[in-house]
$ cat final35.txt   # compact mmCIF, C-alpha atoms and all ligand atoms
# COMPACT_ATOMS: atom_id res chain seq x y z
CA MET R 1 120.74 105.23 60.68
CA TYR R 2 121.22 105.38 56.96
CA LEU R 3 119.48 103.63 54.13
CA CYS R 4 121.33 102.84 50.91
CA THR R 5 119.21 103.00 47.80
CA LEU R 6 120.19 102.23 44.23
CA PHE R 7 119.45 105.26 42.08
CA ALA R 8 120.55 106.03 38.53
CA ASN R 9 123.43 103.56 38.84
CA THR R 10 124.89 105.28 41.91
CA TYR R 11 124.43 104.67 45.60
CA MET R 12 123.00 107.53 47.56
CA ILE R 13 122.69 107.66 51.29
CA ILE R 14 119.51 109.15 52.63
CA PRO R 15 118.87 109.10 56.38
CA GLU R 16 116.32 106.42 57.15
CA SER R 17 114.65 108.83 59.54
CA ILE R 18 113.48 111.07 56.68
CA ASP R 19 109.78 110.43 56.17
CA HIS R 20 109.25 110.30 52.42
CA ASN R 21 105.54 110.96 52.88
CA LYS R 22 106.23 114.24 54.66
CA LEU R 23 108.64 115.90 52.27
CA PRO R 24 107.97 119.45 51.12
CA GLU R 25 106.87 119.72 47.51
CA HIS R 26 108.77 122.99 47.13
CA ILE R 27 112.00 124.08 48.82
CA ALA R 28 113.30 127.64 48.45
CA ILE R 29 116.89 128.50 49.38
CA ILE R 30 118.79 131.72 50.04
CA MET R 31 122.34 130.65 49.21
CA ASP R 32 124.27 132.99 51.50
CA GLY R 33 127.84 133.19 52.75
CA ASN R 34 129.92 132.67 49.61
CA GLY R 35 131.89 135.86 50.20
CA ARG R 36 132.59 135.17 53.88
CA TRP R 37 133.54 131.57 53.12
CA ALA R 38 136.15 132.80 50.62
CA LYS R 39 137.45 135.59 52.89
CA GLU R 40 137.92 133.08 55.75
CA ARG R 41 140.26 131.25 53.39
CA GLY R 42 142.10 134.39 52.35
CA GLU R 43 140.55 134.23 48.89
CA ASP R 44 138.61 136.64 46.73
CA ARG R 45 134.82 136.63 47.17
CA VAL R 46 134.39 135.26 43.64
CA TYR R 47 136.13 132.05 44.71
CA GLY R 48 133.23 131.52 47.13
CA HIS R 49 130.74 131.81 44.28
CA TYR R 50 132.69 129.25 42.22
CA GLU R 51 132.70 126.83 45.14
CA GLY R 52 129.01 127.58 45.69
CA VAL R 53 128.26 125.95 42.36
CA ARG R 54 129.40 122.59 43.82
CA SER R 55 126.73 122.99 46.50
CA VAL R 56 124.13 123.88 43.86
CA ARG R 57 124.98 120.64 42.02
CA ALA R 58 124.77 118.56 45.22
CA ILE R 59 121.44 120.06 46.30
CA VAL R 60 119.88 119.71 42.84
CA ASP R 61 120.99 116.06 42.87
CA ALA R 62 119.62 115.48 46.36
CA CYS R 63 116.26 117.07 45.54
CA GLY R 64 116.00 114.92 42.41
CA GLU R 65 116.81 111.79 44.39
CA LEU R 66 114.26 112.63 47.06
CA GLY R 67 111.56 113.35 44.49
CA ILE R 68 111.14 117.01 45.50
CA GLY R 69 108.94 118.77 42.92
CA TYR R 70 110.34 122.31 43.01
CA LEU R 71 113.60 123.89 44.13
CA THR R 72 113.96 127.68 43.95
CA LEU R 73 117.45 129.13 44.37
CA TYR R 74 118.13 132.82 45.01
CA ALA R 75 121.09 133.13 42.67
CA PHE R 76 121.12 136.91 42.07
CA SER R 77 118.89 139.55 43.63
CA ALA R 78 117.91 142.83 41.96
CA GLU R 79 119.94 144.50 44.73
CA ASN R 80 123.04 142.46 43.79
CA TRP R 81 123.48 144.74 40.72
CA ASN R 82 124.88 147.26 43.23
CA ARG R 83 127.91 145.06 44.00
CA PRO R 84 131.34 145.92 42.54
CA LYS R 85 131.28 145.52 38.75
CA ALA R 86 134.02 142.86 38.81
CA GLU R 87 131.90 140.65 41.12
CA VAL R 88 128.72 141.16 39.07
CA ASP R 89 130.59 140.31 35.85
CA ALA R 90 132.13 137.23 37.46
CA LEU R 91 128.71 136.06 38.68
CA MET R 92 127.15 136.50 35.23
CA GLU R 93 130.05 134.64 33.61
CA LEU R 94 129.76 131.88 36.18
CA LEU R 95 126.05 131.60 35.48
CA VAL R 96 126.57 131.30 31.73
CA ASN R 97 129.40 128.76 32.08
CA THR R 98 127.53 126.69 34.67
CA ILE R 99 124.35 126.51 32.61
CA ARG R 100 126.34 125.64 29.48
CA LYS R 101 128.25 122.91 31.32
CA GLU R 102 125.33 121.45 33.26
CA VAL R 103 122.46 121.53 30.78
CA GLU R 104 123.10 118.00 29.45
CA GLU R 105 123.19 116.68 33.02
CA LEU R 106 119.94 118.49 33.83
CA LYS R 107 118.37 116.97 30.73
CA LYS R 108 119.60 113.50 31.62
CA ASN R 109 118.36 113.81 35.21
CA ASN R 110 114.89 114.92 34.11
CA VAL R 111 115.31 118.39 35.65
CA ARG R 112 113.34 121.27 34.11
CA LEU R 113 114.87 124.72 34.34
CA HIS R 114 112.85 127.91 34.96
CA VAL R 115 113.84 131.49 35.69
CA ILE R 116 111.99 134.09 37.77
CA GLY R 117 112.98 137.73 37.99
CA ASP R 118 113.65 140.63 35.65
CA PHE R 119 114.89 138.45 32.79
CA GLU R 120 115.41 141.35 30.36
CA SER R 121 117.87 143.04 32.73
CA LEU R 122 120.29 140.11 32.41
CA PRO R 123 123.13 140.37 29.86
CA GLU R 124 122.12 139.16 26.38
CA ILE R 125 124.45 136.14 26.59
CA CYS R 126 122.86 135.03 29.88
CA GLN R 127 119.39 135.37 28.40
CA GLN R 128 120.41 133.30 25.37
CA GLU R 129 122.01 130.54 27.44
CA LEU R 130 119.07 130.40 29.84
CA ASN R 131 116.49 130.41 27.03
CA GLU R 132 118.31 127.54 25.34
CA ALA R 133 118.54 125.55 28.57
CA MET R 134 114.86 126.17 29.38
CA GLU R 135 113.90 124.96 25.89
CA MET R 136 116.18 121.92 26.12
CA THR R 137 114.68 120.86 29.44
CA ALA R 138 111.07 121.91 28.76
CA ALA R 139 109.82 118.34 28.35
CA ASN R 140 111.39 117.10 31.60
CA THR R 141 108.97 115.94 34.26
CA GLY R 142 111.16 115.54 37.36
CA LEU R 143 112.51 118.32 39.56
CA ASN R 144 111.60 121.90 38.56
CA LEU R 145 114.72 123.97 39.19
CA ILE R 146 113.77 127.64 39.46
CA LEU R 147 116.56 130.21 39.42
CA ALA R 148 115.67 133.59 40.92
CA LEU R 149 117.79 136.00 38.89
CA SER R 150 117.70 139.78 39.08
CA TYR R 151 114.83 139.01 41.41
CA SER R 152 113.05 141.38 43.79
CA SER R 153 109.87 140.23 45.49
CA ARG R 154 108.60 143.80 45.94
CA ASP R 155 109.12 144.46 42.22
CA GLU R 156 107.32 141.19 41.46
CA ILE R 157 104.32 142.25 43.58
CA ALA R 158 104.30 145.72 41.96
CA MET R 159 104.34 144.03 38.52
CA ALA R 160 101.39 141.84 39.53
CA VAL R 161 99.45 144.89 40.75
CA ARG R 162 100.10 146.69 37.44
CA LYS R 163 98.87 143.68 35.43
CA ILE R 164 95.74 143.37 37.57
CA ALA R 165 95.08 147.14 37.29
CA GLU R 166 95.38 146.88 33.48
CA LYS R 167 92.75 144.12 33.46
CA VAL R 168 90.43 146.18 35.65
CA LYS R 169 90.97 149.21 33.39
CA SER R 170 90.15 147.22 30.25
CA GLY R 171 87.07 145.68 31.86
CA ALA R 172 88.50 142.13 31.81
CA LEU R 173 88.40 141.91 35.61
CA ARG R 174 86.00 143.32 38.23
CA ILE R 175 87.51 144.85 41.37
CA GLU R 176 85.27 142.71 43.58
CA ASP R 177 86.63 139.55 41.93
CA ILE R 178 90.22 140.25 43.01
CA THR R 179 91.30 137.67 45.60
CA ASP R 180 94.62 136.45 46.94
CA GLU R 181 94.47 133.80 44.18
CA THR R 182 94.30 136.64 41.58
CA ILE R 183 97.53 138.05 42.99
CA LYS R 184 99.17 134.61 43.00
CA GLN R 185 98.22 134.12 39.34
CA HIS R 186 100.03 137.33 38.35
CA LEU R 187 103.34 136.58 40.09
CA TYR R 188 106.34 135.03 38.30
CA THR R 189 105.59 131.90 40.32
CA ALA R 190 101.98 131.48 39.10
CA ALA R 191 102.67 127.94 37.87
CA PHE R 192 104.39 126.76 41.05
CA PRO R 193 103.08 125.81 44.50
CA ASP R 194 104.24 127.95 47.44
CA PRO R 195 107.38 126.68 49.18
CA GLU R 196 106.67 124.76 52.37
CA LEU R 197 110.30 125.15 53.44
CA MET R 198 112.70 128.07 53.08
CA ILE R 199 116.34 127.55 53.99
CA ARG R 200 118.86 130.35 54.49
CA THR R 201 122.52 129.55 55.01
CA SER R 202 125.27 131.48 56.74
CA GLY R 203 123.60 132.58 59.97
CA GLU R 204 121.59 135.52 58.67
CA TYR R 205 117.99 135.75 59.87
CA ARG R 206 116.42 137.75 57.06
CA ILE R 207 114.17 137.18 54.06
CA SER R 208 115.97 139.78 51.89
CA ASN R 209 113.14 140.58 49.45
CA TYR R 210 112.74 136.89 48.53
CA LEU R 211 109.32 135.38 47.70
CA LEU R 212 107.56 137.63 50.24
CA TYR R 213 104.07 136.63 49.10
CA GLN R 214 104.87 132.96 48.52
CA LEU R 215 106.55 132.38 51.90
CA ALA R 216 103.43 133.34 53.90
CA TYR R 217 103.10 129.86 55.42
CA SER R 218 106.59 128.47 54.81
CA GLU R 219 108.63 126.91 57.57
CA LEU R 220 111.87 128.89 57.89
CA TYR R 221 115.14 127.09 58.56
CA PHE R 222 118.37 128.94 59.27
CA THR R 223 121.81 127.38 59.51
CA ASN R 224 125.24 128.84 60.24
CA VAL R 225 126.79 126.74 57.46
CA HIS R 226 128.08 128.92 54.60
CA TRP R 227 126.63 128.02 51.21
CA PRO R 228 129.87 126.53 49.74
CA ASP R 229 129.88 124.02 52.64
CA PHE R 230 126.17 123.18 52.34
CA ARG R 231 125.85 119.63 51.03
CA LYS R 232 123.30 116.82 50.93
CA GLU R 233 123.74 116.02 54.64
CA ASN R 234 122.88 119.63 55.51
CA LEU R 235 119.74 119.42 53.38
CA TYR R 236 118.73 116.18 55.11
CA GLU R 237 119.23 117.91 58.47
CA ALA R 238 116.95 120.76 57.35
CA LEU R 239 114.34 118.25 56.17
CA LEU R 240 114.44 116.33 59.45
CA ASN R 241 113.97 119.61 61.31
CA TYR R 242 111.07 120.54 58.98
CA GLN R 243 109.42 117.19 59.63
CA GLN R 244 109.40 117.92 63.38
CA ARG R 245 107.38 121.09 62.84
CA GLU R 246 103.65 121.22 63.30
CA ARG R 247 102.14 123.28 60.45
CA ARG R 248 98.97 124.76 61.90
CA PHE R 249 97.90 127.40 59.35
CA GLY R 250 96.19 129.38 62.11
CA LYS R 251 94.40 126.36 63.61
CA THR R 252 95.06 124.87 67.05
CA SER R 253 97.37 121.95 67.66
CA GLU R 254 94.35 119.84 68.76
CA GLN R 255 92.54 120.50 65.49
CA ILE R 256 95.58 119.46 63.45
CA GLN R 257 96.14 116.30 65.51
CA SER R 258 92.50 115.20 65.33
CA VAL R 259 92.59 115.37 61.51
CA ASN R 260 95.93 113.61 61.12
CA PRO R 261 97.07 111.97 64.37
CA THR R 262 99.98 110.08 62.76
CA HIS R 263 101.49 113.34 61.50
CA ALA R 264 101.30 115.10 64.84
CA GLN R 265 104.52 116.43 66.33
CA GLY R 266 106.76 113.69 67.66
CA ASN R 267 104.48 110.91 66.35
CA GLU R 268 106.56 108.78 64.04
CA GLU R 269 104.63 106.55 61.67
C1 LIG X 1 125.30 135.14 48.39
O1 LIG X 1 126.53 135.08 49.06
C2 LIG X 1 125.40 134.50 47.08
C3 LIG X 1 125.17 135.12 45.90
C4 LIG X 1 124.83 136.54 45.80
C5 LIG X 1 125.32 134.41 44.62
C6 LIG X 1 124.94 132.98 44.61
C7 LIG X 1 125.54 132.31 43.44
C8 LIG X 1 126.02 131.06 43.38
C9 LIG X 1 125.92 130.12 44.49
C10 LIG X 1 126.70 130.57 42.16
C11 LIG X 1 125.94 130.64 40.89
C12 LIG X 1 124.65 129.92 40.94
C13 LIG X 1 124.12 129.20 39.93
C14 LIG X 1 122.74 128.73 40.07
C15 LIG X 1 124.86 128.86 38.72
P1 LIG X 1 127.27 136.46 49.42
O2 LIG X 1 128.18 136.80 48.29
O3 LIG X 1 126.26 137.50 49.74
O4 LIG X 1 128.08 136.04 50.68
P2 LIG X 1 128.44 136.99 51.94
O5 LIG X 1 127.15 137.28 52.63
O6 LIG X 1 129.32 136.10 52.75
O7 LIG X 1 129.12 138.20 51.42

$ encode --input "final35.txt" --output "structure tokens" --more "lines below"
Ligand code: FPP
Amino acid sequence: MYLCTLFANTYMIIPESIDHNKLPEHIAIIMDGNGRWAKERGEDRVYGHYEGVRSVRAIVDACGELGIGYLTLYAFSAENWNRPKAEVDALMELLVNTIRKEVEELKKNNVRLHVIGDFESLPEICQQELNEAMEMTAANTGLNLILALSYSSRDEIAMAVRKIAEKVKSGALRIEDITDETIKQHLYTAAFPDPELMIRTSGEYRISNYLLYQLAYSELYFTNVHWPDFRKENLYEALLNYQQRERRFGKTSEQIQSVNPTHAQGNEE
């Protein structure tokens, strides 16, 4: 069953079965399978990355339409620097061109761009383009689109530990006052809520050094679909699956159901 809704002068089709009161506030995605998708078509891996941008556009659109607050995309890991130079260069060029081309659309659609990761390790031109786009979209209040670039979760945690240690050393922070919230506040993602849903495409069942701290209580969703084929319908499928899950946070099913019986597993409102 599908519901047609008028949105920004275009019709979108969102499955009626998606419960708009039970959407995650933050979705994180590992966009995997670009290379395999291209190889299956006898093309160079880079072709897969180019086609992957279409999926990025579709998913950013869908998240905006659904009113999702935060979308984090793993666009380039710190480990990806070890790929062949031609692929790394192509990815950086694609990033610059995509941001340049899409920034007006992001602005128009009320999307605010953020970057997490080792920003300084990116080529100067990427930094410039991203800084400009972040400034241009800074006043937007809709979807927060967070690109993880040159990102390593272990490096991020090490950075947080160094910052906390500096504060302890200078006397600004007492060791006994360090809590999990202190760590959260020193991560790149300090300003964002933790993702409730993490999606990985392309049939790999790994986290790959992605948001290790932030994913502590996330629901994980894996699909065999390669990223260049992942479109709005695939996101809706992931959301429907997410909405079937019972998020217990260490409690029992009975405890969860007694607090919120209408949101219990299998209980449609
Ligand atoms: C993983 O697939 C994908 C990447 C390392 C890059 C993702 C980049 C894009 C989707 C395009 C640029 C994005 C933006 C936001 C402009 P893979 O190459 O590891 O695929 P494989 O596992 O099949 O080899």

$ closest_residue --input "final35.txt" --among "R:Val168, R:Val60, R:Ile178, R:Ala160" --to "ligand LIG 1 (chain X)" --atoms "all atoms listed in the file"
R:Val60

$ closest_residue --input "final35.txt" --among "R:Arg206, R:His226, R:Arg41, R:His20" --to "ligand LIG 1 (chain X)" --atoms "all atoms listed in the file"
R:His226

$ residues_around --input "final35.txt" --residues "Val96 of chain R" --least-positions-apart "5" --cutoff "8 Å" --atoms "all atoms listed in the file" --output "list in words"
Ile125, Cys126, Glu129 and Leu130 of chain R

$ closest_atom_pairs --input "final35.txt" --of "chain R" --to "ligand LIG 1 (chain X)" --cutoff "9 Å" --atoms "all atoms listed in the file" --output "tab-separated table"
residue	atom	partner	partner_atom	distance
R:Ile30	CA	X:LIG1	C1	7.5
R:Met31	CA	X:LIG1	C2	5.4
R:Asp32	CA	X:LIG1	C1	3.9
R:Gly33	CA	X:LIG1	O6	3.3
R:Asn34	CA	X:LIG1	O4	4.0
R:Gly35	CA	X:LIG1	O6	3.6
R:Arg36	CA	X:LIG1	O6	3.6
R:Trp37	CA	X:LIG1	O6	6.2
R:Ala38	CA	X:LIG1	O6	7.9
R:Lys39	CA	X:LIG1	O6	8.1
R:Arg45	CA	X:LIG1	O2	6.7
R:Val46	CA	X:LIG1	O2	7.9
R:Gly48	CA	X:LIG1	O2	7.4
R:His49	CA	X:LIG1	C10	4.7
R:Tyr50	CA	X:LIG1	C10	6.1
R:Glu51	CA	X:LIG1	C9	7.6
R:Gly52	CA	X:LIG1	C9	4.2
R:Val53	CA	X:LIG1	C10	4.9
R:Arg54	CA	X:LIG1	C9	8.3
R:Ser55	CA	X:LIG1	C9	7.5
R:Val56	CA	X:LIG1	C14	6.3
R:Arg57	CA	X:LIG1	C14	8.6
R:Leu73	CA	X:LIG1	C14	6.8
R:Tyr74	CA	X:LIG1	C6	6.8
R:Ala75	CA	X:LIG1	C6	4.3
R:Phe76	CA	X:LIG1	C4	5.3
R:Ser77	CA	X:LIG1	C4	7.0
R:Asn80	CA	X:LIG1	C4	6.5
R:Glu87	CA	X:LIG1	O2	8.9
R:Leu91	CA	X:LIG1	C11	6.5
R:Met92	CA	X:LIG1	C11	8.2
R:Leu94	CA	X:LIG1	C11	6.2
R:Leu95	CA	X:LIG1	C15	4.4
R:Val96	CA	X:LIG1	C15	7.6
R:Asn97	CA	X:LIG1	C15	8.0
R:Thr98	CA	X:LIG1	C15	5.3
R:Ile99	CA	X:LIG1	C15	6.6
R:Leu147	CA	X:LIG1	C14	6.4
R:Ala148	CA	X:LIG1	C14	8.6
R:Leu149	CA	X:LIG1	C14	8.9
R:Ser202	CA	X:LIG1	O6	7.3
R:Glu204	CA	X:LIG1	O5	8.4
R:His226	CA	X:LIG1	O6	7.5
R:Trp227	CA	X:LIG1	C9	7.1
R:Pro228	CA	X:LIG1	C9	7.5

$ closest_residue --input "final35.txt" --among "R:Val225, R:Ile175, R:Ala158, R:Ile13" --to "Gly203 of chain R" --atoms "only C-alpha atoms"
R:Val225

$ decode --input "final35.txt" --residues "segment 53-136 of chain R" --atoms "C-alpha atoms" --output "mmCIF file, in the first residue's frame"
data_model
loop_
_atom_site.group_PDB
_atom_site.id
_atom_site.type_symbol
_atom_site.label_atom_id
_atom_site.label_comp_id
_atom_site.auth_asym_id
_atom_site.auth_seq_id
_atom_site.Cartn_x
_atom_site.Cartn_y
_atom_site.Cartn_z
ATOM 1 C CA VAL R 53 26.297 9.494 -6.339
ATOM 2 C CA ARG R 54 22.801 8.929 -7.820
ATOM 3 C CA SER R 55 21.991 6.798 -4.774
ATOM 4 C CA VAL R 56 23.373 9.482 -2.458
ATOM 5 C CA ARG R 57 21.035 12.014 -4.098
ATOM 6 C CA ALA R 58 18.022 9.685 -3.803
ATOM 7 C CA ILE R 59 18.677 8.847 -0.143
ATOM 8 C CA VAL R 60 19.298 12.479 0.837
ATOM 9 C CA ASP R 61 15.988 13.343 -0.865
ATOM 10 C CA ALA R 62 14.150 10.510 0.853
ATOM 11 C CA CYS R 63 15.514 11.423 4.288
ATOM 12 C CA GLY R 64 14.487 15.048 3.743
ATOM 13 C CA GLU R 65 10.997 13.989 2.685
ATOM 14 C CA LEU R 66 10.616 11.716 5.694
ATOM 15 C CA GLY R 67 11.810 14.406 8.091
ATOM 16 C CA ILE R 68 14.869 12.437 9.269
ATOM 17 C CA GLY R 69 17.097 14.721 11.355
ATOM 18 C CA TYR R 70 20.555 13.308 10.607
ATOM 19 C CA LEU R 71 22.056 11.184 7.859
ATOM 20 C CA THR R 72 25.710 10.139 8.125
ATOM 21 C CA LEU R 73 27.348 8.663 5.029
ATOM 22 C CA TYR R 74 30.685 6.827 5.091
ATOM 23 C CA ALA R 75 32.083 8.374 1.926
ATOM 24 C CA PHE R 76 35.827 7.792 2.460
ATOM 25 C CA SER R 77 37.539 5.952 5.298
ATOM 26 C CA ALA R 78 41.040 6.705 6.585
ATOM 27 C CA GLU R 79 41.948 3.235 5.281
ATOM 28 C CA ASN R 80 40.702 4.156 1.778
ATOM 29 C CA TRP R 81 43.893 6.254 1.307
ATOM 30 C CA ASN R 82 45.605 2.886 0.719
ATOM 31 C CA ARG R 83 43.650 2.266 -2.504
ATOM 32 C CA PRO R 84 45.338 2.735 -5.905
ATOM 33 C CA LYS R 85 46.191 6.411 -6.436
ATOM 34 C CA ALA R 86 43.993 6.641 -9.558
ATOM 35 C CA GLU R 87 40.920 5.541 -7.546
ATOM 36 C CA VAL R 88 41.686 7.895 -4.644
ATOM 37 C CA ASP R 89 42.161 10.819 -7.063
ATOM 38 C CA ALA R 90 38.925 9.951 -8.866
ATOM 39 C CA LEU R 91 37.028 9.803 -5.564
ATOM 40 C CA MET R 92 38.386 13.181 -4.446
ATOM 41 C CA GLU R 93 37.510 14.718 -7.817
ATOM 42 C CA LEU R 94 34.047 13.207 -7.647
ATOM 43 C CA LEU R 95 33.574 14.630 -4.173
ATOM 44 C CA VAL R 96 34.578 18.138 -5.257
ATOM 45 C CA ASN R 97 32.412 18.043 -8.400
ATOM 46 C CA THR R 98 29.411 16.595 -6.573
ATOM 47 C CA ILE R 99 29.536 19.169 -3.783
ATOM 48 C CA ARG R 100 29.969 21.985 -6.309
ATOM 49 C CA LYS R 101 27.040 20.727 -8.380
ATOM 50 C CA GLU R 102 24.691 19.897 -5.517
ATOM 51 C CA VAL R 103 25.238 22.724 -3.052
ATOM 52 C CA GLU R 104 22.435 24.915 -4.459
ATOM 53 C CA GLU R 105 20.042 21.964 -4.279
ATOM 54 C CA LEU R 106 21.092 21.263 -0.683
ATOM 55 C CA LYS R 107 20.491 24.909 0.152
ATOM 56 C CA LYS R 108 17.090 24.898 -1.513
ATOM 57 C CA ASN R 109 16.072 21.677 0.242
ATOM 58 C CA ASN R 110 17.057 23.021 3.671
ATOM 59 C CA VAL R 111 19.865 20.456 4.065
ATOM 60 C CA ARG R 112 22.829 21.396 6.262
ATOM 61 C CA LEU R 113 26.169 19.852 5.392
ATOM 62 C CA HIS R 114 28.724 18.693 7.997
ATOM 63 C CA VAL R 115 31.965 16.744 7.746
ATOM 64 C CA ILE R 116 33.503 14.359 10.280
ATOM 65 C CA GLY R 117 36.970 12.873 9.972
ATOM 66 C CA ASP R 118 40.529 14.057 9.490
ATOM 67 C CA PHE R 119 39.555 17.164 7.507
ATOM 68 C CA GLU R 120 43.132 18.462 7.156
ATOM 69 C CA SER R 121 44.235 15.281 5.383
ATOM 70 C CA LEU R 122 41.876 16.012 2.469
ATOM 71 C CA PRO R 123 43.290 17.785 -0.605
ATOM 72 C CA GLU R 124 43.166 21.601 -0.318
ATOM 73 C CA ILE R 125 40.539 21.878 -3.077
ATOM 74 C CA CYS R 126 38.241 19.432 -1.251
ATOM 75 C CA GLN R 127 38.626 21.360 1.986
ATOM 76 C CA GLN R 128 37.793 24.625 0.217
ATOM 77 C CA GLU R 129 34.724 23.225 -1.532
ATOM 78 C CA LEU R 130 33.459 21.571 1.641
ATOM 79 C CA ASN R 131 34.077 24.671 3.777
ATOM 80 C CA GLU R 132 32.152 26.780 1.272
ATOM 81 C CA ALA R 133 29.265 24.316 1.151
ATOM 82 C CA MET R 134 29.147 24.057 4.962
ATOM 83 C CA GLU R 135 29.039 27.864 5.206
ATOM 84 C CA MET R 136 26.377 28.139 2.494
#
